[in-house]
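Student: First the structure, which I've put down as structure tokens, then a few questions once you've had a look.
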Amino acid sequence: MKPVVMSTTKGLVIRIRNFEMRDIERIMEIEGEAFREGDPNVYIELYNEWPEGFIVAEKDGTIIGFEVVILTPEGEGRVFAIAVDHRFRGKGVGRALLKTAFNLLRKHKIGFVRLEVRVSNWVAQQLYRSMGFVEVGFVPFYYKDGEGAILMRKVL
């Protein structure tokens with residue numbers, strides 16, 4: 001994907017581009033702040049499997065968010081991870097990353113995308129619902145700390 005400069009729905013000017021291996025340290029900082037579960041080797045493996053599905057958002061040359069989308073054996077897209085630096089949350093960065101991923105999946109003729117979200121993460125659930133995701137299931141004890149996940153799906 002060619003890097004794209006855009007204004008988020010909240011007026012923040014960001015640049016979205018593909019992940020590069022030199023970005024991994026910053027990705028893990030954001031991931032650690034958001035999820036506290038990450039393993040850089042998993043992210044590198046996912047990048048090696050489908051580099052196009054790993055995108056980052058930058059503000060003034062600094063990565064402020066990222067998203068990893070994978071293709072499932074069932075032929076769906078799956079948002080494996082999406083996270084935004086806490087200083088830039090609520091500014092439309094996550095929405096911009098998701099829209100970019102939707103366009104990528106459509107380009108590959110993928111008709112559905114799914115994700116898992118913590119039961120306690122109301123803010124993310126609200127974002128996903130506003131973008132057309134619907135709740136389709138529940139996975140108990142999904143996260144390492146024992147919290148369950150809501151399974152959500154969207155028609156592209």
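To be explicit about the labels: the chains of the structure tokens are called A, B, and onward in the order shown, and within each one the residues are counted from 1, while ligands get numbers from 1 in the order they are shown.
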Write out as number ranges by chain the set of residues from chain A that DSSP, computed on the backbone, places in helix (DSSP H, G or I).
Tutor: A: 21-34, 40-49, 51-53, 86-88, 93-107, 122-130
Student: Record the distance separating CA of Arg87 in chain A and CA of Gly65 in chain A, expressed in Å with one decimal.
Tutor: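 Rounded to one decimal, the two atoms are 10.4 Å apart.
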Student: Find the residues around range 36-40 of chain A up to 10 Å (only C-alpha atoms counted), leave out those fewer than 6 positions away in its own chain, and share them as an mmCIF file with C-alpha atoms, in the first residue's frame.
Tutor:
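Output file out-v2.cif follows:
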data_model
loop_
_atom_site.group_PDB
_atom_site.id
_atom_site.type_symbol
_atom_site.label_atom_id
_atom_site.label_comp_id
_atom_site.auth_asym_id
_atom_site.auth_seq_id
_atom_site.Cartn_x
_atom_site.Cartn_y
_atom_site.Cartn_z
ATOM 1 C CA ILE A 24 8.589 -3.304 16.004
ATOM 2 C CA GLU A 25 9.917 -1.613 19.162
ATOM 3 C CA ILE A 27 4.577 -1.283 18.116
ATOM 4 C CA MET A 28 5.426 -3.261 21.244
ATOM 5 C CA GLU A 29 5.333 -0.082 23.366
ATOM 6 C CA ILE A 30 1.805 0.691 22.177
ATOM 7 C CA LEU A 46 2.070 -12.357 11.219
ATOM 8 C CA ALA A 81 -4.895 -6.453 16.946
ATOM 9 C CA TYR A 143 -7.526 -13.429 27.477
ATOM 10 C CA LYS A 144 -4.555 -14.491 29.600
ATOM 11 C CA ASP A 145 -6.054 -12.815 32.664
#
Student: A:Ile16, A:Leu104, A:Val117, A:Leu151: which is nearest Asp60 in chain A, counting only C-alpha atoms?
Tutor: A:Ile16
Student: With only C-alpha atoms as the atoms that count, which of A:Ile55, A:Ala101, A:Val84, A:Met6 lies nearest to Phe35 in chain A?
Tutor: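 Closest candidate: A:Val84.
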